[in-house]
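Here's the structure we're looking at; comments come further down.
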Amino acid sequence: MLTYLIRRTLLVSVTIWGVMTILFGLQHLSGDPTLLLLSSDATEDARRTLANQLGLDQPLAAQYAAFLWNTLTGDLGLSWKYHQPALRIVLEALPATALLTSAAIALGLAVAVPLGILAAVYRNSWIDTLASFIAVLGQSMPVYWSGLLLILLFSTTLRWLPSMGSDGAVALVLPAATLGLNIMARIERITRASMLEVLGQDFVRTLRSKGLSERSVLFRHGLRNASVPIVSMVGLQLSALLGGAVLIETVFAWPGVGRLAVNAVYARDFPLVHAAALVVTLTFCLVNMLVDVLCASLNPQIRLD
Amino acid sequence: MRSLPAKPAFGTCIILLVIACALLAPLIAPFDPNDQDILNSLAPPFSTGDGGRHWLGTDRLGQDILSRMIFGTRVALTVAFGAAAASAAIGVPLGLAAGFLGRAVESAVLVLADMILSIPFILLALVIMSVLGASLLNLVICFAAVRWAQFARVSYSLSLELREKDYVMACRAGGISLGRTLLVHVLPNMLGPITVILTLELAYAILMESGLSFLGLGAPPEIPSWGGMLQEGRDELDTAWWLTTSPGLAIMATAIACNFIGDWIRDRLDPRTQGVLR
Amino acid sequence: MSGAEPVLEMRDVGVELAPLGGAARRITSDVDLALHAGRTLALVGESGCGKSVTALAAMNLLAPPLRLGTGHILLRTPGAAPRDLTRLSPAELRAARGGQLGMIFQDPMTALDPAFQVGEQIAESLRAHLGLSRRAAHDRAVELLQLVGIHEPERRVRAYPFQLSGGMRQRVMIAIAVACSPAVLIADEPTTALDVTVQAQILELLRELGARLGMATLLITHDLGVVAENADTVAVMYRGRIVERASAEALFTAPAHPYTRGLLASLPPLDGPRERLRPIPGQVPPAGVADADCPFVARCPEAMPRCLAARPALTAIAPEHEAACFLHATVAA
C-alpha cells in the first residue's frame with residue numbers, strides 16, 4: 001500500500017510537470033501576450049513595463065524555471081483578466097464543477113447500473129434491446145446538443161426547469177442529467193457484461209441453494225462481484241466527464257471550472273488557463289487513485305503495489 | 001453489436017450517405033450554403049424562398065440549412081478521417097516501440113500517453129486551437145497531437161501479447177531484423193483491433209470536432225460545419241428549433257454509424273484481443 | 001425400506017435440456033428416490049449419467065437451459081403438511097432451500113462467493129431463515145465453523161475463500177448447508193475436487209453431522225468406495241434412469257444389474273493380489289434418455305434380443321432390491 005502511494009504520487013508529479021510544460025510551451029507559441037493585454041495605441045514603454053512585470057523579458061529557460069517553481073509553490077500568478085490570483089479563482093469555481101460532475105455520476109450510476117443488471121438478467125429480451133438503445137444514444141449524442149434539446153423541452157416548451165445559472169437544486173437538474181446521460185452508455189454496457197460473467201459463475205447457484213432472495217443474489221452478491229469493472233469504468237469516464245463539463249457548463253452558464261477555462265482561453269488569460277488545467281488534471285489523477293483504492297477494497301484479492 | 005447484422009448494415013449505409021453528400025455536395029445541395037437571404041431569415045422547414053424550397057428551413061442570415069448540412073459533411077469527414085489516420089500514424093509506431101524497444105522507451109511512451117490522456121481532450125484541444133487558430137488543418141493537427149496516445153496505448157497492449165507469441169520469438173531468435181519482424185509478423189496481427197479503434201476514433205473525432213466548433217474554436221466560421229450550425233442555433237433555441245435539430249441529428253447518426261461498425265468488427269475478433277479494447 | 005415416511009421423495013422426476021431456440025431433450029426420466037431421516041442414500045453413476053442434474057432437481061434449483069419436465073418433489077417436515085417443491089411459490093421455495101434443504105456442491109473453489117468473508121456467507125443464511133440479528137448470526141457462524149472442524153473459528157470467520165485451503169472451503173460449504181439444521185442434505189460429489197486424505201475427513205464429517213442432526217442425506221458420487229462406507233441405500237443411475245436400487249449391503253454382495261456388476265468389477269480389490277482393472281467396455285453414450293431399448297444394451301455382456309425390443313422397467317427382484325433388467329424379469333414374476 002505504501003509503495004503504491006509513493007509510486008502513484010511520483011507518477012502524478014511527473015504528469016503534472018508534463019502537463020504544465022506542454023501548457024508553458026503552448027503559451028509561448030501563441031505570441032506576445034502584451035499585444036493582447038494592452039490597447040493597440042499603448043506606448044512601447046508601457047508595453048515594456050508590462051513585459052517586465054510579467055517576467056516576459058527574461059530568457060525562456062529562466063521563465064520556465066520560474067514557472068515550474070511557482071507551480072510547485074502553488075503560485076500561478078494573477079489572472080490577466082481579473083487581476084486576482086488565478087488559482088484562487090479556479091478553486092472558487094471548483095465546488096460548482098464538483099457538484100455538477102458528482103451529480104452526473106450519481107445519476108449515471110443510478111440509471112445505468114440497474115439498467116445493466118436488468119439487461120444481463122433478461123438477456124436478449126426487449127429490456128436488453130432498450131438498454132442497448134439508450135446506451136447507443138447516450139454515447140453518440142453530442143453532449144451539448146442533448147443539453148440544448150433538454151433546454152428546448154423542459155425550459156422553453158414545458159417551462160419546468162431553468163435553463164441557466166446555479167440557483168438551487170433545480171438548476172442542477174438539467175446539466176447533471178445531460179452529463180449523466182453521456183456517461184450512462186459505457187457504465188450500462190460494462191455493468192451488463194460484468195453481471196453476465198458473474199451470474200454465470202458457480203457460486204450464484206450456491207446462493208440460490210441457500211434460499212436467498214433474488215434481490216440479494218443480484219444486488220448484494222452479484223453487484224459486489226461485478227463492481228470492480230464498473231468502478232474502474234467510472235474512473236476511466238472521468239476524463240470524458242470533465243471534458244463534457246467544459247461544454248455543459250458553457251451551454252447552461254454553470255459557473256464552474258469548465259466555463260472559466262473556456263472564457264480564459266477566449267481571453268488568452270494564460271495564468272487562468274494554467275490554473276484550470278492544473279486543477280482539472282490533479283483532480284483526474286487523485287480521483288483515479290481513489291478508484292484504485294476503492295477497487296482494492298471491493299475485491300479482497302486485488303493488492304495495491 | 002449484439003447479434004444484429006442490421007446494425008453494421010445501417011452504419012455502413014449512413015457512412016456511405018455521408019460520403020456521397022461530401023463528394024456530390026455542389027450537385028445535390030439546392031442552394032449555395034453561403035448564399036444569404038436576409039428577407040428569408042429563420043424561415044421554418046418546408047417554406048419557400050427565392051429560387052426554391054427550404055426543406056429544413058433557413059438560419060438567421062437566411063442561409064439554407066439543408067445545403068449547409070450537406071456541405072457540413074465535408075468538414076466532418078475531412079477532420080474525422082484526417083484525425084483518425086494521423087493519430088494512428090503517430091500512435092501505432094510509438095505503441096510498437098514501447099512494446100519492443102525495452103524499458104526506457106516503454107516508460108517514456110506510456111507516461112507521455114497517460115499524461116496527455118489525463119487532461120480532458122476538449123480542454124487541451126481548446127488551448128491548442130486557440131494558439132494555432134481555427135482551421136481544418138489545425139483541427140487535424142490538434143487531434144493527432146492528443147489522440148495518438150489512445151492508439152499508442154492499444155498497440156502497446158497488443159504488442160505485449162504478440163511479443164510472447166512463438167512465431168515472433170522465433171523470428172527474433174532466428175536473427176530476423178526487428179523492423180522486418182514488426183512489419184511482417186506483428187503489424188498484420190494488429191490490424192483488426194487497430195481498425196476497431198480507428199472506427200471508434202472516427203465517431204470520437206466527429207463528436208469532438210463539432211464540440212470545438214460549438215465553442216467557436218473548430219472549423220472557421222465561413223465554412224459550414226455541423227458544430228458551428230449548432231452554436232448559431234443556440235441563441236435562437238426558443239424561436240427556431242430547426243436550427244439545432246438537423247445538425248444534432250446528423251452528428252448523432254454519423255457517430256452511431258461509426259460505433260455500430262466498430263462494435264461489429266470488435267465482436268468478430270479473438271476474444272482475448274477484445275479485452276484490450278475495453 | 002424404512003417404516004417411516006420419507007422426508008424427501010422424488011417421484012417420476014424427468015429433467016429436460018431446453019436450449020434457447022432448440023428442441024427440448026430429456027436428460028433424465030422416471031427418477032424415483034426416497035430420503036429418510038438419519039439415513040444416507042447414495043446416487044451412483046458415471047459422469048454425464050444425470051446424477052448431478054437430479055441433485056439440482058431435488059432442490060428445484062435447475063436453471064435454464066435445464067428445467068424440470070415431469071415429476072414431483074415432496075418434502076415432509078415434522079409439523080407441516082407434505083409440500084410439493086414444484087408447486088411452491090418463489091418465496092416458499094426460498095424458505096425451503098437453505099431452511100429445510102441444504103446443499104453441498106462439488107467444487108469448493110468456485111462454489112463460494114469470492115468477495116465475501118466466509119462468516120458472512122454462513123451468517124446471511126441464518127439471518128434469512130432464522131431471523132437472527134447480525135451479532136447472533138455471527139456468533140452462530142463461529143459455532144458452525146467449530147462444528148465442521150475448523151480450528152480457530154473466531155479468526156477464520158473473517159477469512160475470504162481464497163485465503164482457505166480446498167478442504168477448509170468444503171468445510172465452510174458444509175457449514176453453510178447445515179447452518180439452519182435442514183431436514184435434508186444434498187451433497188453433490190462433495191469430495192471429488194479434494195485431495196484423497198482430505199476426502200476421508202470430509203466424508204467422516206458428513207456422516208457424523210448426518211447422524212447428529214438426523215438429516216436425510218442424498219450423496220451423489222461416482223465412487224463406489226465412498227458408497228460402501230457411507231450409504232445405507234444405493235441407487236445406480238445409467239443414462240438418465242435408475243437401473244438398480246438396493247441396500248448398500250445387498251448391492252455389494254448381490255449386484256443384480258449387469259451395469260452395477262461392471263462397476264463393481266472395475267473397482268480395485270481392497271485385499272488380495274493386484275490384478276488388472278476390468279473397465280466396462282464401450283463408452284457412455286451421449287446424454288439423453290432412450291425409450292425403445294435397454295439403455296445399457298450396447299455395452300452389456302449379457303444382452304439378449306429382447307433387450308433391443310423393449311426397455312426393462314425397474315422391478316423388485318428381492319425384498320428392498322429392485323433392478324431394471326430382463327435377466328431378473330422371470331425371477332420377479
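Following the order of the C-alpha cells, chains are lettered A, B, ..., residues in each are numbered from 1, and ligands are numbered from 1.
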
Selection: 12 Å around region 172-181 of chain B, only C-alpha atoms, excl. self and same-chain fewer than 2 positions, as a VMD selection string: chain B and resid 93 96 to 97 99 to 101 159 162 to 170 183 to 189

Taking only C-alpha atoms into account, produce a table as JSON lines in which each residue of chain A with an atom at most 10 Å from an atom of chain C appears once, together with its shortest atom pair and the distance in Å to one decimal, ordered by chain and rising number.
{"residue": "A:Val198", "atom": "CA", "partner": "C:Asp113", "partner_atom": "CA", "distance": 10.0}
{"residue": "A:Gln201", "atom": "CA", "partner": "C:Thr110", "partner_atom": "CA", "distance": 7.4}
{"residue": "A:Asp202", "atom": "CA", "partner": "C:Ala111", "partner_atom": "CA", "distance": 5.2}
{"residue": "A:Phe203", "atom": "CA", "partner": "C:Ala111", "partner_atom": "CA", "distance": 4.0}
{"residue": "A:Val204", "atom": "CA", "partner": "C:Asp113", "partner_atom": "CA", "distance": 7.6}
{"residue": "A:Arg205", "atom": "CA", "partner": "C:Ala111", "partner_atom": "CA", "distance": 7.6}
{"residue": "A:Thr206", "atom": "CA", "partner": "C:Ala111", "partner_atom": "CA", "distance": 6.0}
{"residue": "A:Leu207", "atom": "CA", "partner": "C:Asp113", "partner_atom": "CA", "distance": 8.3}
{"residue": "A:Arg208", "atom": "CA", "partner": "C:Leu61", "partner_atom": "CA", "distance": 7.5}
{"residue": "A:Ser209", "atom": "CA", "partner": "C:Arg97", "partner_atom": "CA", "distance": 5.6}
{"residue": "A:Lys210", "atom": "CA", "partner": "C:Gly98", "partner_atom": "CA", "distance": 4.1}
{"residue": "A:Gly211", "atom": "CA", "partner": "C:Arg94", "partner_atom": "CA", "distance": 4.1}
{"residue": "A:Leu212", "atom": "CA", "partner": "C:Arg94", "partner_atom": "CA", "distance": 6.4}
{"residue": "A:Ser213", "atom": "CA", "partner": "C:Arg94", "partner_atom": "CA", "distance": 6.9}
{"residue": "A:Glu214", "atom": "CA", "partner": "C:Arg94", "partner_atom": "CA", "distance": 9.3}
{"residue": "A:Ser216", "atom": "CA", "partner": "C:Glu124", "partner_atom": "CA", "distance": 9.8}
{"residue": "A:Arg220", "atom": "CA", "partner": "C:Phe116", "partner_atom": "CA", "distance": 10.0}
{"residue": "A:His221", "atom": "CA", "partner": "C:Asp113", "partner_atom": "CA", "distance": 7.5}
{"residue": "A:Gly222", "atom": "CA", "partner": "C:Asp113", "partner_atom": "CA", "distance": 9.3}
{"residue": "A:Arg224", "atom": "CA", "partner": "C:Ala115", "partner_atom": "CA", "distance": 7.1}
{"residue": "A:Asn225", "atom": "CA", "partner": "C:Ala115", "partner_atom": "CA", "distance": 6.2}
{"residue": "A:Ala226", "atom": "CA", "partner": "C:Ala115", "partner_atom": "CA", "distance": 9.8}
{"residue": "A:Ser297", "atom": "CA", "partner": "C:Ala115", "partner_atom": "CA", "distance": 9.9}
{"residue": "A:Leu298", "atom": "CA", "partner": "C:Ala115", "partner_atom": "CA", "distance": 7.4}
{"residue": "A:Asn299", "atom": "CA", "partner": "C:Ala115", "partner_atom": "CA", "distance": 5.9}
{"residue": "A:Pro300", "atom": "CA", "partner": "C:Ala115", "partner_atom": "CA", "distance": 6.6}
{"residue": "A:Gln301", "atom": "CA", "partner": "C:Phe162", "partner_atom": "CA", "distance": 7.7}

Contact residues (chain B, partner chain A, 9 Å, only C-alpha atoms) as a PyMOL selection string: chain B and resi 1-2+111-112+114-124+126-128+130-132+203-204+207-208+210-212+214-215+230+234+237-238+241+244-245+248-249+251-256+259-260+278

Can I get the selection written as a PDB file, in the first residue's frame, with C-alpha atoms?
ATOM      1  CA  MET B   1     -23.377  -5.063 -31.616  1.00  0.00           C
ATOM      2  CA  ARG B   2     -25.424  -7.842 -30.137  1.00  0.00           C
ATOM      3  CA  VAL B 111       3.964   8.100 -19.191  1.00  0.00           C
ATOM      4  CA  LEU B 112       3.591  10.599 -22.014  1.00  0.00           C
ATOM      5  CA  ASP B 114      -1.062   8.825 -19.703  1.00  0.00           C
ATOM      6  CA  MET B 115      -0.103  12.436 -19.216  1.00  0.00           C
ATOM      7  CA  ILE B 116      -1.898  13.568 -22.337  1.00  0.00           C
ATOM      8  CA  LEU B 117      -4.955  11.446 -21.646  1.00  0.00           C
ATOM      9  CA  SER B 118      -5.251  12.808 -18.117  1.00  0.00           C
ATOM     10  CA  ILE B 119      -6.248  16.232 -19.416  1.00  0.00           C
ATOM     11  CA  PRO B 120      -9.803  16.250 -20.749  1.00  0.00           C
ATOM     12  CA  PHE B 121      -9.464  16.299 -24.513  1.00  0.00           C
ATOM     13  CA  ILE B 122     -11.718  19.263 -25.088  1.00  0.00           C
ATOM     14  CA  LEU B 123      -9.736  21.433 -22.675  1.00  0.00           C
ATOM     15  CA  LEU B 124      -6.359  20.654 -24.204  1.00  0.00           C
ATOM     16  CA  LEU B 126      -9.238  24.363 -26.823  1.00  0.00           C
ATOM     17  CA  VAL B 127      -5.842  25.673 -25.786  1.00  0.00           C
ATOM     18  CA  ILE B 128      -4.148  24.178 -28.830  1.00  0.00           C
ATOM     19  CA  SER B 130      -6.629  28.982 -29.617  1.00  0.00           C
ATOM     20  CA  VAL B 131      -2.883  29.013 -30.212  1.00  0.00           C
ATOM     21  CA  LEU B 132      -2.985  27.561 -33.722  1.00  0.00           C
ATOM     22  CA  ALA B 203     -17.016   8.784 -34.027  1.00  0.00           C
ATOM     23  CA  TYR B 204     -14.990  10.460 -31.303  1.00  0.00           C
ATOM     24  CA  LEU B 207     -18.292  14.460 -31.781  1.00  0.00           C
ATOM     25  CA  MET B 208     -15.301  16.418 -30.520  1.00  0.00           C
ATOM     26  CA  SER B 210     -18.412  19.571 -33.504  1.00  0.00           C
ATOM     27  CA  GLY B 211     -17.868  20.346 -29.823  1.00  0.00           C
ATOM     28  CA  LEU B 212     -14.874  22.520 -30.663  1.00  0.00           C
ATOM     29  CA  PHE B 214     -19.579  24.738 -30.990  1.00  0.00           C
ATOM     30  CA  LEU B 215     -17.130  26.593 -28.762  1.00  0.00           C
ATOM     31  CA  LEU B 230     -25.436  24.113 -33.544  1.00  0.00           C
ATOM     32  CA  ARG B 234     -28.269  28.009 -29.683  1.00  0.00           C
ATOM     33  CA  LEU B 237     -33.417  27.964 -29.330  1.00  0.00           C
ATOM     34  CA  ASP B 238     -36.805  29.241 -28.178  1.00  0.00           C
ATOM     35  CA  TRP B 241     -35.859  24.787 -33.071  1.00  0.00           C
ATOM     36  CA  THR B 244     -30.219  22.829 -33.870  1.00  0.00           C
ATOM     37  CA  THR B 245     -32.245  19.730 -34.689  1.00  0.00           C
ATOM     38  CA  GLY B 248     -27.515  17.456 -33.969  1.00  0.00           C
ATOM     39  CA  LEU B 249     -29.215  14.506 -35.635  1.00  0.00           C
ATOM     40  CA  ILE B 251     -23.719  14.295 -35.774  1.00  0.00           C
ATOM     41  CA  MET B 252     -25.517  11.637 -33.763  1.00  0.00           C
ATOM     42  CA  ALA B 253     -26.325   9.456 -36.757  1.00  0.00           C
ATOM     43  CA  THR B 254     -22.756   9.573 -38.026  1.00  0.00           C
ATOM     44  CA  ALA B 255     -21.352   8.784 -34.587  1.00  0.00           C
ATOM     45  CA  ILE B 256     -23.811   5.895 -34.133  1.00  0.00           C
ATOM     46  CA  ASN B 259     -19.831   2.927 -33.331  1.00  0.00           C
ATOM     47  CA  PHE B 260     -22.003   0.219 -34.880  1.00  0.00           C
ATOM     48  CA  ARG B 278     -12.432  -2.352 -23.420  1.00  0.00           C
TER      49      ARG B 278
END

Atom pair CA of Thr97 (chain A) / CA of Leu68 (chain A): separation (Å):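 If I compute the distance from CA of Thr97 (chain A) to CA of Leu68 (chain A), I get 26.1 Å.
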
Picked from region 133-241 of chain C by DSSP as alpha helix (DSSP H), as a ChimeraX atom specification: /C:134-147,153-156,166-178,196-213,224-230

Gap from CA of Val146 (chain B) to CA of Leu36 (chain A) - Å, one decimal: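 CA of Leu36 (chain A) lies 27.2 Å from CA of Val146 (chain B).
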
Long-range neighbours of Leu213 (chain C) as a list in words, 7 Å cut-off, only C-alpha atoms, 3 positions minimum in chain: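 So the residues in contact are Ser181, Leu209 and Gly210 of chain C.
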
What would the file look like if the residues just selected were written as an mmCIF file, in the first residue's frame with N, CA and C atoms?
data_model
loop_
_atom_site.group_PDB
_atom_site.id
_atom_site.type_symbol
_atom_site.label_atom_id
_atom_site.label_comp_id
_atom_site.auth_asym_id
_atom_site.auth_seq_id
_atom_site.Cartn_x
_atom_site.Cartn_y
_atom_site.Cartn_z
ATOM 1 N N SER C 181 -29.923 -26.228 10.309
ATOM 2 C CA SER C 181 -30.327 -27.592 10.642
ATOM 3 C C SER C 181 -31.398 -28.117 9.691
ATOM 4 N N LEU C 209 -22.297 -35.531 11.040
ATOM 5 C CA LEU C 209 -23.329 -34.493 11.073
ATOM 6 C C LEU C 209 -24.693 -35.070 10.737
ATOM 7 N N GLY C 210 -24.703 -35.993 9.775
ATOM 8 C CA GLY C 210 -25.967 -36.612 9.376
ATOM 9 C C GLY C 210 -26.606 -37.314 10.558
#

DSSP strand (DSSP E) residues within region 88-134 of chain C, as a PyMOL selection string: chain C and resi 101-104

Point-to-point distance from CA of Trp148 (chain B) to CA of Glu201 (chain B), Å rounded to tenths: 10.4 Å

Within 10 Å of Arg53 (chain B) using only C-alpha atoms, minus same-chain residues under 5 positions, as a list in words: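 Skipping anything fewer than 5 positions along the chain leaves Pro30, Phe31, Pro45, Phe46, Ser47, Thr48 and Asp64 of chain B.
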
Same residues, C-alpha atoms, saved as an mmCIF file, in the first residue's frame:
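Okay, this is what ended up in selection21.cif:
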data_model
loop_
_atom_site.group_PDB
_atom_site.id
_atom_site.type_symbol
_atom_site.label_atom_id
_atom_site.label_comp_id
_atom_site.auth_asym_id
_atom_site.auth_seq_id
_atom_site.Cartn_x
_atom_site.Cartn_y
_atom_site.Cartn_z
ATOM 1 C CA PRO B 30 -30.391 23.069 -53.503
ATOM 2 C CA PHE B 31 -28.695 26.351 -52.549
ATOM 3 C CA PRO B 45 -38.785 23.967 -42.699
ATOM 4 C CA PHE B 46 -40.705 23.492 -45.966
ATOM 5 C CA SER B 47 -41.060 27.231 -46.527
ATOM 6 C CA THR B 48 -40.360 28.618 -49.976
ATOM 7 C CA ASP B 64 -30.422 27.226 -46.468
#

Selection near Leu251 (chain C), 10 Å with only C-alpha atoms, sequence-local residues under 6 positions removed, as a ChimeraX atom specification: /C:228,233-236,244-245,257,260-261,264,321-322

Would you write out those residues with C-alpha atoms, as a PDB file, in the first residue's frame?
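Now in selection-v8.pdb:
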ATOM      1  CA  ALA C 228     -19.622 -48.634   0.634  1.00  0.00           C
ATOM      2  CA  THR C 233     -29.128 -47.451   0.449  1.00  0.00           C
ATOM      3  CA  VAL C 234     -27.872 -47.050  -3.080  1.00  0.00           C
ATOM      4  CA  ALA C 235     -29.449 -46.116  -6.400  1.00  0.00           C
ATOM      5  CA  VAL C 236     -27.447 -46.747  -9.551  1.00  0.00           C
ATOM      6  CA  GLU C 244     -30.827 -50.665  -9.731  1.00  0.00           C
ATOM      7  CA  ARG C 245     -31.779 -49.787  -6.187  1.00  0.00           C
ATOM      8  CA  HIS C 257     -27.879 -55.282 -12.977  1.00  0.00           C
ATOM      9  CA  THR C 260     -23.708 -52.480 -11.454  1.00  0.00           C
ATOM     10  CA  ARG C 261     -21.707 -55.659 -11.733  1.00  0.00           C
ATOM     11  CA  LEU C 264     -18.067 -53.289  -9.048  1.00  0.00           C
ATOM     12  CA  HIS C 321     -33.931 -54.686  -4.045  1.00  0.00           C
ATOM     13  CA  GLU C 322     -35.029 -53.517  -7.484  1.00  0.00           C
TER      14      GLU C 322
END

Which of A:Ala135, A:Val121, A:Ala253, A:Ile127 sits closest to Ser194 (chain A) [using only C-alpha atoms]: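 That would be A:Val121, the residue with the smallest distance to Ser194 (chain A).
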
Contacts of Pro271 (chain A) at 8 Å (only C-alpha atoms; same-chain gap of 2+ positions) as a list in words: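 Within the cut-off, the hits are Leu76, Gly77, Leu78, Ser79, Trp80, Ala86, Asp269, Val273, His274 and Ala275 of chain A.
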